[in-house]
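Everything on this sheet refers to the single structure shown next.
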Amino acid sequence: MADPFKPPGLESNGTIPDGLRHQLDEFRGQLWRAKIIEALAAGGIGLLASFLLVYGIDRVWQTPVIFRLVILLLGGSLSMVFAPYWLHRWLWKQRKQDQLARLIARRYPGLGDRLLGVLELQREGVNENGHSSRLLEAAMESVALEVERCNLDAALPIRKQRIWVVSVVALAGIAAMVVTWTPRAGLNALQRLLLPWSKTERYTFTRLANPPTSRVVAAGESFEITLRLDLGSEQHPTSAFGKIGTQPVVMSRLKSNAYRFVFPGQQEPRNVTFKVGDLRHEVRVIPIARPAVESALATITYPSYLNLGSKTTDLSTGTLNVVAGSQLNINLTINRPLGSAKFGPTQAKRSGGPPEDDEEFRSSSGLLEISSNMARTSPIDVGTVPFEIPFSWVDTHSLEGESGYHLLVAASKDIAPSCYLQGIDRQKVMLPEETLDFELSAEDDFGVKEAGIEWEGDSNRMTAETLARGSFDLLDGANEGQRFTRAVAFSPAAFGIGPQKIMLRGYCEDAYPKRRRVYSEPITLYVLTRDEHAQMLKGKFDRIVTEFEDLARREQELLDENQRLMRLDGKALQDAPSQKRLEGQEQAEAESKIRMEDLTERMESLMKDSTRNGEIPKATLQKIAESLKPMQELYQNDLPAVKNKIGDAQERSNTEEKTSTDVSRAVEEQTKAVEKMQDAIAKINEANRRFEAGTFVNRLKKAAGEQSALASALVDVFPSVLGVRMSKLDPADQRRLKQASMQQANTASDLRWLQEDLASYFGRTKGESFKQILDEMRSSRLDVGLEDIRSLLTINHAFMATENSRKWARQLDEWAKKLEGENDRSGNGVGDSRVSPEDEDFEFMLRVMKLVQQEQDLRGQTRVLEQARRTPPNSLNQTKKP
């Protein structure tokens with residue numbers, strides 16, 4: 001086999017000595033062994049160093065993918081790039097003898113050059129250059145001998161394989177210790193190095209149990225993050241640190257195998273970096289507002305007796321008024337989807353006073369039914385105690401809602417309704433055929449079920465007359481809402497009610513079970529007889545006369561003052577003091593006009609009521625009408641004319657003569673007005689005297705009627721009172737006899753006043769018939785007789801009291817007839833058969849007025865009956881009370 005390193009042409013021209021060739025081969029072998037060891041060591045160092053570098057960095061930092069890839073490439077390059085390069089350089093380029101000669105020349109320049117020259121001669125050949133083969137062989141032998149004398153090992157490159165080997169052994173030892181002491185960390189680092197793109201997390205000696213990677217917190221509020229150590233954690237650092245950006249570091253110590261960090265409030269998303277031993281962990285903090293209530297609705301299911309069903313109401317005020325016995329469902333709408341929600345426990349909110357006996361509160365709580373961002377409570381029972389419902393919720397980010405959100409349920413009992421009558425005085429005087437118009441109003445918090453009016457006769461005297469009692473419904477069984485108002489017409493005659501005192505009141509009911517009726521404040525109606533009505537009118541007449549006379553005196557004083565002003569000349573009238581006096585006079589005239597108008601209206605009303613009475617003599621009515629005409633003229637024309645003239649006198653544009661003339665005309669107008677007042681007063685006094693004379697008859701008839709009624713009432717109780725001691729009587733009979741005694745005392749007092757009024761009237765009119773009746777009453781010992789009846793009643797001598805009452809009733813009635821006959825003769829003008837045209841006109845007017853009043857009464861009663869007909873069936877109840 002041919003030598004691969006033998007130069008061409010060497011076979012024919014000579015060969016390299018065996019010794020030289022052997023030395024060169026030995027030199028080349030040593031070179032190759034050294035460089036191969038160095039290449040292998042370099043590759044090992046690269047891989048081991050990469051592994052240790054990744055392992056070391058992973059202990060303090062999560063080595064990124066790109067860094068691990070760079071480390072892997074750099075470490076692998078020593079074996080995959082440097083080693084081939086190294087082998088190519090030292091093996092492939094140092095394989096030939098001339099290449100070795102050049103390498104030797106670096107250490108032994110002369111020897112190397114000579115060796116290189118011999119090799120070149122050998123390669124060029126003897127024949128080509130003219131050299132003899134013998135000389136060539138001699139040169140080779142000479143070089144071979146020189147090479148033998150030299151140590152070629154010294155020509156080898158500096159040997160570093162020991163350093164490389166020591167380094168790789170050291171790194172391998174370190175890697176072995178790492179893998180031995182921390183096998184998990186070592187294998188993890190190797191895996192992360194060899195597979196840089198894998199998702200293998202770096203191994204840490206400190207391990208957390210499911211640490212969060214993001215956290216939603218309340219914006220602007222401090223928040224807490226808790227990191228819990230994993231049970232398999234190899235290290236348990238006593239403290240850990242957390243930091244947000246450039247904010248101060250927050251430290252937490254290990255407690256109960258966990259670290260609790262409290263960070264200040266944030267407004268923008270930030271990363272929180274935690275350092276726990278060799279562990280580095282980041283949590284993304286996202287601040288958002290707490291989930292808040294957008295709307296709150298309550299569905300109220302009312303108690304069944306109200307028949308109101310269910311109602312949904314808004315809870316924007318935070319307070320809900322609910323009647324006891326209801327059920328609530330609260331519906332909350334939150335601004336974000338919910339994870340969970342609950343309510344309660346409910347808390348009683350009693351007032352400061354002591355709890356009532358039936359006040360019992362049961363707290364309730366529970367979870368809310370959730371649908372996305374809506375939550376609904378289960379039914380909540382409402383009692384009589386107000387209570388508060390606290391709510392709490394957590395959204396899908398585990399963020400709790402606003403703290404302190406609660407709703408106040410103002411639970412209350414079903415309040416009793418209220419009822420009242422409007423448009424009517426608390427006391428009213430009327431004749432039976434008159435009609436009262438007023439309004440019935442009823443209110444209830446949940447609707448009026450029934451409403452109407454009722455009446456009942458009231459008497460504190462013993463009488464045989466039956467007292468009225470009745471009612472009728474205006475609303476029966478129909479819930480009309482919280483307020484019910486109805487116009488009501490009431491006429492005693494329409495219900496067959498005679499003269500008596502009546503207590504009229506409205507009533508109403510709500511739907512609350514077993515609750516009694518609620519009544520309005522009663523209205524007292526005095527349904528009068530014609531005689532009583534006449535006496536009432538007489539009292540009004542007296543007051544009108546007194547006020548009219550006072551007004552006339554006042555007007556006379558104003559006339560006197562105006563006359564004083566008239567005596568001044570025009571210049572004096574225009575100075576300031578006089579103008580001020582004129583201004584005062586004008587104001588006084590305005591007041592007189594107002595008073596005159598009021599008196600006229602009252603006089604017109606008196607005329608209408610007198611006409612309605614029907615028993616007041618025509619002559620009396622005519623006198624009232626005659627006095628009414630000048631009164632109307634006074635307030636419509638005369639007094640305004642005086643006022644205007646005085647006002648004209650105060651005009652600043654007046655001349656002195658004009659001012660004097662205006663004052664003079666004012667005095668003339670006022671003089672006429674005063675004269676007309678005096679004439680009207682005379683006519684009123686004449687009418688009042690006639691009225692008063694008529695009232696004597698009515699008062700006597702009234703007293704006679706009371707005595708007759710007393711006798712009849714005593715007859716009715718004869719079976720239970722005759723022959724029985726007062727102390728042994730039934731309490732009801734005792735009460736009746738006491739009432740009769742009191743009534744008798746009142747009648748005696750009225751008749752004493754009647755005698756005094758008769759004496760006074762006789763002193764003014766000198767009417768002999770009145771004097772005769774007065775003398776008869778005094779001589780009859782009327783006072784003593786009436787007192788005897790009262791005494792008999794107190795000891796239950798009912799029979800004798802009855803007989804005496806009948807006797808005095810006949811006597812009083814006889815006196816009334818005498819006075820009535822005298823009034824008829826004086827009123828009709830006995831002895832004069834002529835009837836003046838004025839009398840005929842007045843009589844016609846009087847008939848028209850009565851027809852109009854009768855028509856009004858008839859319409860009023862028809863309206864009352866029509867109202868009763870329209871009331872619910874079976875709602876009209878009318879009875880007589882004994």
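By order of appearance in the structure tokens: chains A, B, ..., then residues from 1 within every chain, and ligands from 1 in the order shown.
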What lies within 8 Å of Ser708 in chain A using only C-alpha atoms, ignoring chain neighbours under 5 positions off, as an MDAnalysis selection string?
-> chainID A and resid 805:806 809
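With distances restricted to only C-alpha atoms, A:Leu328 is the closest residue to Ile380 in chain A from A:Ile594, A:Leu328, A:Leu474, A:Leu436.
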Leaving out Tyr302 in chain A and any residue of its chain fewer than 2 positions from it, which residues lie within 8 Å of it when counting only C-alpha atoms, given as a ChimeraX atom specification?
-> /A:300,304,306-310,323,325-327
Save the residues we just selected, N, CA and C atoms, as a PDB file, in the first residue's frame?
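Result file follows (selection-v8.pdb):
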```pdb
ATOM      1  N   ILE A 300     -95.237  44.757  45.511  1.00  0.00           N
ATOM      2  CA  ILE A 300     -96.013  44.622  46.744  1.00  0.00           C
ATOM      3  C   ILE A 300     -97.250  43.783  46.447  1.00  0.00           C
ATOM      4  N   SER A 304    -105.241  40.075  50.994  1.00  0.00           N
ATOM      5  CA  SER A 304    -106.358  39.673  50.127  1.00  0.00           C
ATOM      6  C   SER A 304    -107.605  40.505  50.377  1.00  0.00           C
ATOM      7  N   LEU A 306    -107.931  43.564  50.728  1.00  0.00           N
ATOM      8  CA  LEU A 306    -107.934  44.842  50.019  1.00  0.00           C
ATOM      9  C   LEU A 306    -108.316  44.706  48.545  1.00  0.00           C
ATOM     10  N   ASN A 307    -108.186  43.502  47.997  1.00  0.00           N
ATOM     11  CA  ASN A 307    -108.514  43.272  46.585  1.00  0.00           C
ATOM     12  C   ASN A 307    -107.732  44.206  45.655  1.00  0.00           C
ATOM     13  N   LEU A 308    -106.483  44.431  46.012  1.00  0.00           N
ATOM     14  CA  LEU A 308    -105.651  45.335  45.205  1.00  0.00           C
ATOM     15  C   LEU A 308    -104.619  44.583  44.369  1.00  0.00           C
ATOM     16  N   GLY A 309    -104.507  43.266  44.571  1.00  0.00           N
ATOM     17  CA  GLY A 309    -103.540  42.507  43.783  1.00  0.00           C
ATOM     18  C   GLY A 309    -102.112  42.918  44.095  1.00  0.00           C
ATOM     19  N   SER A 310    -101.318  43.087  43.053  1.00  0.00           N
ATOM     20  CA  SER A 310     -99.900  43.442  43.208  1.00  0.00           C
ATOM     21  C   SER A 310     -99.627  44.802  42.582  1.00  0.00           C
ATOM     22  N   VAL A 323     -98.430  48.346  53.950  1.00  0.00           N
ATOM     23  CA  VAL A 323     -99.403  48.022  54.978  1.00  0.00           C
ATOM     24  C   VAL A 323     -99.101  46.631  55.523  1.00  0.00           C
ATOM     25  N   GLY A 325     -99.339  42.890  56.644  1.00  0.00           N
ATOM     26  CA  GLY A 325    -100.006  41.776  55.987  1.00  0.00           C
ATOM     27  C   GLY A 325     -99.617  41.609  54.533  1.00  0.00           C
ATOM     28  N   SER A 326     -98.818  42.527  54.004  1.00  0.00           N
ATOM     29  CA  SER A 326     -98.392  42.448  52.608  1.00  0.00           C
ATOM     30  C   SER A 326     -97.150  41.563  52.491  1.00  0.00           C
ATOM     31  N   GLN A 327     -96.805  41.254  51.256  1.00  0.00           N
ATOM     32  CA  GLN A 327     -95.556  40.565  50.938  1.00  0.00           C
ATOM     33  C   GLN A 327     -94.766  41.396  49.943  1.00  0.00           C
TER      34      GLN A 327
END
```
Could you check which of A:Thr659, A:Phe799, A:Asp757, A:Pro64 is closest to Val724 in chain A, using only C-alpha atoms?
-> A:Phe799
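In this structure, CA of Leu565 in chain A sits 23.2 Å away from CA of Gln678 in chain A.
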Residues at most 8 Å from range 446-456 of chain A, counting only C-alpha atoms, excluding those fewer than 6 positions away in the same chain, as a ChimeraX atom specification?
-> /A:306,417,440,467-484,502-511
Would you output that residue set with N, CA and C atoms, as a PDB file, in the first residue's frame?
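Okay, this is what ended up in selection00.pdb:
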```
ATOM      1  N   LEU A 306    -107.931  43.564  50.728  1.00  0.00           N
ATOM      2  CA  LEU A 306    -107.934  44.842  50.019  1.00  0.00           C
ATOM      3  C   LEU A 306    -108.316  44.706  48.545  1.00  0.00           C
ATOM      4  N   PRO A 417    -110.146  54.720  58.335  1.00  0.00           N
ATOM      5  CA  PRO A 417    -110.491  55.834  57.437  1.00  0.00           C
ATOM      6  C   PRO A 417    -110.934  57.058  58.217  1.00  0.00           C
ATOM      7  N   LEU A 440    -120.037  65.061  51.460  1.00  0.00           N
ATOM      8  CA  LEU A 440    -119.479  64.014  52.313  1.00  0.00           C
ATOM      9  C   LEU A 440    -118.136  63.599  51.717  1.00  0.00           C
ATOM     10  N   LEU A 467    -138.460  60.267  68.181  1.00  0.00           N
ATOM     11  CA  LEU A 467    -137.238  60.866  67.645  1.00  0.00           C
ATOM     12  C   LEU A 467    -136.798  60.105  66.403  1.00  0.00           C
ATOM     13  N   ALA A 468    -136.329  60.863  65.432  1.00  0.00           N
ATOM     14  CA  ALA A 468    -135.957  60.275  64.147  1.00  0.00           C
ATOM     15  C   ALA A 468    -134.627  59.535  64.260  1.00  0.00           C
ATOM     16  N   ARG A 469    -134.511  58.497  63.467  1.00  0.00           N
ATOM     17  CA  ARG A 469    -133.241  57.780  63.340  1.00  0.00           C
ATOM     18  C   ARG A 469    -133.219  57.151  61.957  1.00  0.00           C
ATOM     19  N   GLY A 470    -132.155  57.362  61.211  1.00  0.00           N
ATOM     20  CA  GLY A 470    -132.083  56.803  59.874  1.00  0.00           C
ATOM     21  C   GLY A 470    -130.712  56.973  59.272  1.00  0.00           C
ATOM     22  N   SER A 471    -130.517  56.368  58.132  1.00  0.00           N
ATOM     23  CA  SER A 471    -129.242  56.465  57.415  1.00  0.00           C
ATOM     24  C   SER A 471    -129.445  55.990  55.996  1.00  0.00           C
ATOM     25  N   PHE A 472    -128.541  56.352  55.127  1.00  0.00           N
ATOM     26  CA  PHE A 472    -128.503  55.748  53.795  1.00  0.00           C
ATOM     27  C   PHE A 472    -127.070  55.803  53.273  1.00  0.00           C
ATOM     28  N   ASP A 473    -126.725  54.775  52.502  1.00  0.00           N
ATOM     29  CA  ASP A 473    -125.367  54.634  51.966  1.00  0.00           C
ATOM     30  C   ASP A 473    -125.235  55.380  50.658  1.00  0.00           C
ATOM     31  N   LEU A 474    -124.120  56.066  50.533  1.00  0.00           N
ATOM     32  CA  LEU A 474    -123.769  56.688  49.255  1.00  0.00           C
ATOM     33  C   LEU A 474    -122.769  55.836  48.482  1.00  0.00           C
ATOM     34  N   LEU A 475    -122.132  54.918  49.185  1.00  0.00           N
ATOM     35  CA  LEU A 475    -121.190  53.994  48.562  1.00  0.00           C
ATOM     36  C   LEU A 475    -121.261  52.702  49.340  1.00  0.00           C
ATOM     37  N   ASP A 476    -121.451  51.601  48.637  1.00  0.00           N
ATOM     38  CA  ASP A 476    -121.608  50.320  49.308  1.00  0.00           C
ATOM     39  C   ASP A 476    -120.858  49.246  48.534  1.00  0.00           C
ATOM     40  N   GLY A 477    -119.728  48.815  49.095  1.00  0.00           N
ATOM     41  CA  GLY A 477    -119.020  47.676  48.536  1.00  0.00           C
ATOM     42  C   GLY A 477    -118.126  47.980  47.357  1.00  0.00           C
ATOM     43  N   ALA A 478    -118.052  49.210  46.893  1.00  0.00           N
ATOM     44  CA  ALA A 478    -117.205  49.554  45.739  1.00  0.00           C
ATOM     45  C   ALA A 478    -116.024  50.372  46.224  1.00  0.00           C
ATOM     46  N   ASN A 479    -114.851  49.870  46.001  1.00  0.00           N
ATOM     47  CA  ASN A 479    -113.643  50.578  46.413  1.00  0.00           C
ATOM     48  C   ASN A 479    -113.393  51.739  45.464  1.00  0.00           C
ATOM     49  N   GLU A 480    -113.554  52.942  45.973  1.00  0.00           N
ATOM     50  CA  GLU A 480    -113.484  54.130  45.123  1.00  0.00           C
ATOM     51  C   GLU A 480    -112.132  54.823  45.184  1.00  0.00           C
ATOM     52  N   GLY A 481    -111.150  54.164  45.725  1.00  0.00           N
ATOM     53  CA  GLY A 481    -109.842  54.813  45.801  1.00  0.00           C
ATOM     54  C   GLY A 481    -109.629  55.430  47.162  1.00  0.00           C
ATOM     55  N   GLN A 482    -108.588  56.201  47.269  1.00  0.00           N
ATOM     56  CA  GLN A 482    -108.213  56.741  48.573  1.00  0.00           C
ATOM     57  C   GLN A 482    -109.121  57.873  49.025  1.00  0.00           C
ATOM     58  N   ARG A 483    -109.806  58.524  48.139  1.00  0.00           N
ATOM     59  CA  ARG A 483    -110.670  59.636  48.525  1.00  0.00           C
ATOM     60  C   ARG A 483    -112.019  59.495  47.831  1.00  0.00           C
ATOM     61  N   PHE A 484    -113.040  59.706  48.624  1.00  0.00           N
ATOM     62  CA  PHE A 484    -114.410  59.627  48.103  1.00  0.00           C
ATOM     63  C   PHE A 484    -115.125  60.913  48.500  1.00  0.00           C
ATOM     64  N   ILE A 502    -131.515  67.246  65.794  1.00  0.00           N
ATOM     65  CA  ILE A 502    -130.992  66.088  65.066  1.00  0.00           C
ATOM     66  C   ILE A 502    -129.478  66.168  65.038  1.00  0.00           C
ATOM     67  N   MET A 503    -128.873  65.023  65.324  1.00  0.00           N
ATOM     68  CA  MET A 503    -127.420  64.901  65.185  1.00  0.00           C
ATOM     69  C   MET A 503    -127.155  64.196  63.853  1.00  0.00           C
ATOM     70  N   LEU A 504    -126.606  64.936  62.898  1.00  0.00           N
ATOM     71  CA  LEU A 504    -126.322  64.416  61.553  1.00  0.00           C
ATOM     72  C   LEU A 504    -124.811  64.203  61.426  1.00  0.00           C
ATOM     73  N   ARG A 505    -124.439  63.051  60.923  1.00  0.00           N
ATOM     74  CA  ARG A 505    -123.010  62.775  60.766  1.00  0.00           C
ATOM     75  C   ARG A 505    -122.793  61.828  59.588  1.00  0.00           C
ATOM     76  N   GLY A 506    -121.605  61.909  59.035  1.00  0.00           N
ATOM     77  CA  GLY A 506    -121.227  60.989  57.977  1.00  0.00           C
ATOM     78  C   GLY A 506    -120.494  59.797  58.557  1.00  0.00           C
ATOM     79  N   TYR A 507    -120.448  58.741  57.799  1.00  0.00           N
ATOM     80  CA  TYR A 507    -119.727  57.545  58.232  1.00  0.00           C
ATOM     81  C   TYR A 507    -119.030  56.922  57.027  1.00  0.00           C
ATOM     82  N   CYS A 508    -118.044  56.116  57.302  1.00  0.00           N
ATOM     83  CA  CYS A 508    -117.344  55.404  56.240  1.00  0.00           C
ATOM     84  C   CYS A 508    -116.705  54.149  56.832  1.00  0.00           C
ATOM     85  N   GLU A 509    -116.403  53.225  55.964  1.00  0.00           N
ATOM     86  CA  GLU A 509    -115.737  51.984  56.331  1.00  0.00           C
ATOM     87  C   GLU A 509    -114.698  51.669  55.274  1.00  0.00           C
ATOM     88  N   ASP A 510    -113.617  51.026  55.728  1.00  0.00           N
ATOM     89  CA  ASP A 510    -112.658  50.494  54.759  1.00  0.00           C
ATOM     90  C   ASP A 510    -112.789  48.976  54.719  1.00  0.00           C
ATOM     91  N   ALA A 511    -111.880  48.319  54.039  1.00  0.00           N
ATOM     92  CA  ALA A 511    -112.003  46.873  53.828  1.00  0.00           C
ATOM     93  C   ALA A 511    -111.410  46.053  54.963  1.00  0.00           C
TER      94      ALA A 511
END
```
Would you kindly return, as number ranges by chain, each protein, DNA or RNA residue with an atom no farther than 9 Å from any atom of range 520-532 of chain A, considering only C-alpha atoms and excluding same-chain residues fewer than 6 positions away?
-> A: 418-421, 424-432, 442, 492, 497-508, 613-616, 695, 697-699, 701-702
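Between CA of Ala175 in chain A and CA of Gly44 in chain A lies a distance of 11.5 Å.
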Which of these residues is nearest to Asp716 in chain A, using only C-alpha atoms: A:Asn688, A:Ser363, A:Gln235, A:Thr802?
->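 Closest candidate: A:Thr802.
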Could you check which of A:Lys593, A:Phe691, A:Leu195, A:Ser660 is closest to Gln622 in chain A, using only C-alpha atoms?
-> A:Phe691
Residues within 12 Å of Ala713 in chain A, only C-alpha atoms, excluding chain neighbours under 2 positions, as a count of residues only | 30
Could you jot down the CA of Gln266 in chain A to CA of Ala219 in chain A separation for me, Å, one decimal place?
->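 Interatomic distance, CA of Gln266 in chain A to CA of Ala219 in chain A: 5.8 Å.
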Compile the contact shell of range 777-790 of chain A as an mmCIF file with N, CA, C and O atoms, in the first residue's frame: residues with an atom at most 10 Å away, counting only C-alpha atoms, same-chain residues fewer than 5 positions apart removed.
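See around-v1.cif below for the written result:
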```
data_model
loop_
_atom_site.group_PDB
_atom_site.id
_atom_site.type_symbol
_atom_site.label_atom_id
_atom_site.label_comp_id
_atom_site.auth_asym_id
_atom_site.auth_seq_id
_atom_site.Cartn_x
_atom_site.Cartn_y
_atom_site.Cartn_z
ATOM 1 N N GLN A 707 -146.129 71.507 77.782
ATOM 2 C CA GLN A 707 -146.894 70.930 78.883
ATOM 3 C C GLN A 707 -147.740 69.758 78.409
ATOM 4 O O GLN A 707 -147.835 68.735 79.095
ATOM 5 N N LEU A 737 -137.933 60.573 84.410
ATOM 6 C CA LEU A 737 -138.551 61.522 85.342
ATOM 7 C C LEU A 737 -137.623 62.705 85.645
ATOM 8 O O LEU A 737 -138.069 63.845 85.793
ATOM 9 N N LYS A 738 -136.313 62.427 85.725
ATOM 10 C CA LYS A 738 -135.368 63.525 85.949
ATOM 11 C C LYS A 738 -135.355 64.463 84.748
ATOM 12 O O LYS A 738 -135.278 65.681 84.894
ATOM 13 N N ALA A 740 -137.854 64.956 82.740
ATOM 14 C CA ALA A 740 -139.120 65.707 82.780
ATOM 15 C C ALA A 740 -139.043 66.844 83.786
ATOM 16 O O ALA A 740 -139.560 67.947 83.557
ATOM 17 N N SER A 741 -138.379 66.585 84.935
ATOM 18 C CA SER A 741 -138.232 67.632 85.945
ATOM 19 C C SER A 741 -137.398 68.785 85.411
ATOM 20 O O SER A 741 -137.728 69.959 85.610
ATOM 21 N N MET A 742 -136.306 68.467 84.743
ATOM 22 C CA MET A 742 -135.468 69.518 84.160
ATOM 23 C C MET A 742 -136.232 70.286 83.089
ATOM 24 O O MET A 742 -136.128 71.522 83.002
ATOM 25 N N GLN A 743 -137.001 69.577 82.282
ATOM 26 C CA GLN A 743 -137.794 70.246 81.243
ATOM 27 C C GLN A 743 -138.795 71.200 81.867
ATOM 28 O O GLN A 743 -138.998 72.326 81.373
ATOM 29 N N GLN A 744 -139.415 70.782 82.978
ATOM 30 C CA GLN A 744 -140.397 71.644 83.635
ATOM 31 C C GLN A 744 -139.753 72.905 84.173
ATOM 32 O O GLN A 744 -140.313 73.999 84.093
ATOM 33 N N ALA A 745 -138.516 72.766 84.691
ATOM 34 C CA ALA A 745 -137.802 73.946 85.185
ATOM 35 C C ALA A 745 -137.479 74.896 84.033
ATOM 36 O O ALA A 745 -137.588 76.124 84.186
ATOM 37 N N THR A 747 -139.201 75.228 81.220
ATOM 38 C CA THR A 747 -140.455 75.854 80.773
ATOM 39 C C THR A 747 -140.851 76.976 81.724
ATOM 40 O O THR A 747 -141.282 78.058 81.291
ATOM 41 N N ALA A 748 -140.710 76.751 83.031
ATOM 42 C CA ALA A 748 -141.046 77.791 84.014
ATOM 43 C C ALA A 748 -140.153 79.009 83.823
ATOM 44 O O ALA A 748 -140.612 80.165 83.907
ATOM 45 N N SER A 749 -138.870 78.763 83.540
ATOM 46 C CA SER A 749 -137.960 79.890 83.317
ATOM 47 C C SER A 749 -138.351 80.666 82.064
ATOM 48 O O SER A 749 -138.335 81.912 82.077
ATOM 49 N N LEU A 751 -141.309 81.019 80.784
ATOM 50 C CA LEU A 751 -142.538 81.780 81.023
ATOM 51 C C LEU A 751 -142.281 82.980 81.922
ATOM 52 O O LEU A 751 -142.962 84.017 81.795
ATOM 53 N N ARG A 752 -141.309 82.897 82.821
ATOM 54 C CA ARG A 752 -140.949 84.080 83.613
ATOM 55 C C ARG A 752 -140.384 85.166 82.711
ATOM 56 O O ARG A 752 -140.706 86.357 82.841
ATOM 57 N N GLN A 755 -143.181 86.840 80.789
ATOM 58 C CA GLN A 755 -143.919 87.860 81.551
ATOM 59 C C GLN A 755 -143.130 89.167 81.595
ATOM 60 O O GLN A 755 -143.715 90.262 81.466
ATOM 61 N N LYS A 771 -151.635 93.993 78.446
ATOM 62 C CA LYS A 771 -151.729 94.254 79.895
ATOM 63 C C LYS A 771 -152.689 93.269 80.558
ATOM 64 O O LYS A 771 -152.435 92.753 81.646
ATOM 65 N N GLN A 772 -153.780 92.970 79.869
ATOM 66 C CA GLN A 772 -154.770 92.056 80.420
ATOM 67 C C GLN A 772 -154.190 90.645 80.562
ATOM 68 O O GLN A 772 -154.346 90.001 81.597
ATOM 69 N N ILE A 795 -140.772 63.333 93.261
ATOM 70 C CA ILE A 795 -141.182 62.274 94.215
ATOM 71 C C ILE A 795 -142.064 61.240 93.537
ATOM 72 O O ILE A 795 -142.745 60.464 94.209
ATOM 73 N N ASN A 796 -142.112 61.244 92.202
ATOM 74 C CA ASN A 796 -142.839 60.253 91.404
ATOM 75 C C ASN A 796 -144.344 60.257 91.695
ATOM 76 O O ASN A 796 -144.979 59.208 91.802
ATOM 77 N N HIS A 797 -144.910 61.459 91.791
ATOM 78 C CA HIS A 797 -146.365 61.601 91.790
ATOM 79 C C HIS A 797 -146.773 61.924 90.365
ATOM 80 O O HIS A 797 -147.190 63.033 90.051
ATOM 81 N N ALA A 798 -146.596 60.920 89.476
ATOM 82 C CA ALA A 798 -146.744 61.138 88.054
ATOM 83 C C ALA A 798 -148.167 61.490 87.664
ATOM 84 O O ALA A 798 -148.400 62.297 86.760
ATOM 85 N N MET A 800 -150.620 63.096 89.407
ATOM 86 C CA MET A 800 -150.951 64.479 89.734
ATOM 87 C C MET A 800 -150.163 65.447 88.841
ATOM 88 O O MET A 800 -150.684 66.478 88.407
ATOM 89 N N ALA A 801 -148.911 65.125 88.565
ATOM 90 C CA ALA A 801 -148.126 65.986 87.683
ATOM 91 C C ALA A 801 -148.726 66.029 86.290
ATOM 92 O O ALA A 801 -148.754 67.089 85.634
ATOM 93 N N THR A 802 -149.282 64.899 85.841
ATOM 94 C CA THR A 802 -149.906 64.856 84.512
ATOM 95 C C THR A 802 -151.140 65.730 84.460
ATOM 96 O O THR A 802 -151.344 66.507 83.512
ATOM 97 N N GLU A 803 -151.973 65.641 85.477
ATOM 98 C CA GLU A 803 -153.191 66.450 85.502
ATOM 99 C C GLU A 803 -152.883 67.937 85.556
ATOM 100 O O GLU A 803 -153.506 68.752 84.845
ATOM 101 N N ASN A 804 -151.933 68.331 86.394
ATOM 102 C CA ASN A 804 -151.565 69.746 86.472
ATOM 103 C C ASN A 804 -150.955 70.243 85.152
ATOM 104 O O ASN A 804 -151.191 71.387 84.728
ATOM 105 N N SER A 805 -150.176 69.399 84.471
ATOM 106 C CA SER A 805 -149.590 69.797 83.194
ATOM 107 C C SER A 805 -150.673 70.050 82.168
ATOM 108 O O SER A 805 -150.596 71.011 81.384
ATOM 109 N N LYS A 807 -153.714 70.957 82.771
ATOM 110 C CA LYS A 807 -154.432 72.190 83.154
ATOM 111 C C LYS A 807 -153.676 73.419 82.669
ATOM 112 O O LYS A 807 -154.261 74.313 82.025
ATOM 113 N N TRP A 808 -152.417 73.449 82.933
ATOM 114 C CA TRP A 808 -151.655 74.636 82.525
ATOM 115 C C TRP A 808 -151.465 74.688 81.008
ATOM 116 O O TRP A 808 -151.379 75.782 80.438
ATOM 117 N N GLN A 811 -154.546 76.429 79.820
ATOM 118 C CA GLN A 811 -154.544 77.852 80.167
ATOM 119 C C GLN A 811 -153.588 78.635 79.254
ATOM 120 O O GLN A 811 -153.930 79.717 78.764
ATOM 121 N N LEU A 812 -152.415 78.103 79.014
ATOM 122 C CA LEU A 812 -151.458 78.786 78.145
ATOM 123 C C LEU A 812 -151.985 78.887 76.729
ATOM 124 O O LEU A 812 -151.810 79.917 76.045
ATOM 125 N N TRP A 815 -154.534 81.761 76.571
ATOM 126 C CA TRP A 815 -153.911 83.095 76.499
ATOM 127 C C TRP A 815 -153.342 83.349 75.099
ATOM 128 O O TRP A 815 -153.412 84.457 74.578
#
```
Please run DSSP on the backbone and report, as an MDAnalysis selection string, all residues within range 442-595 of chain A that come out as strand (DSSP E or B).
-> chainID A and resid 442:443 450:458 467:476 483:490 500:509 518:519 523:527
Show me, as a Markdown table, the residues of range 178-262 of chain A having an atom within 6 Å of range 278-283 of chain A, each with the closest atom pair and its distance in Å, using only C-alpha atoms.
```
| residue | atom | partner | partner_atom | distance |
| --- | --- | --- | --- | --- |
| A:Thr204 | CA | A:Leu279 | CA | 5.9 |
| A:Thr206 | CA | A:Leu279 | CA | 5.8 |
| A:Thr213 | CA | A:Val283 | CA | 4.5 |
| A:Ser214 | CA | A:Val283 | CA | 4.9 |
```
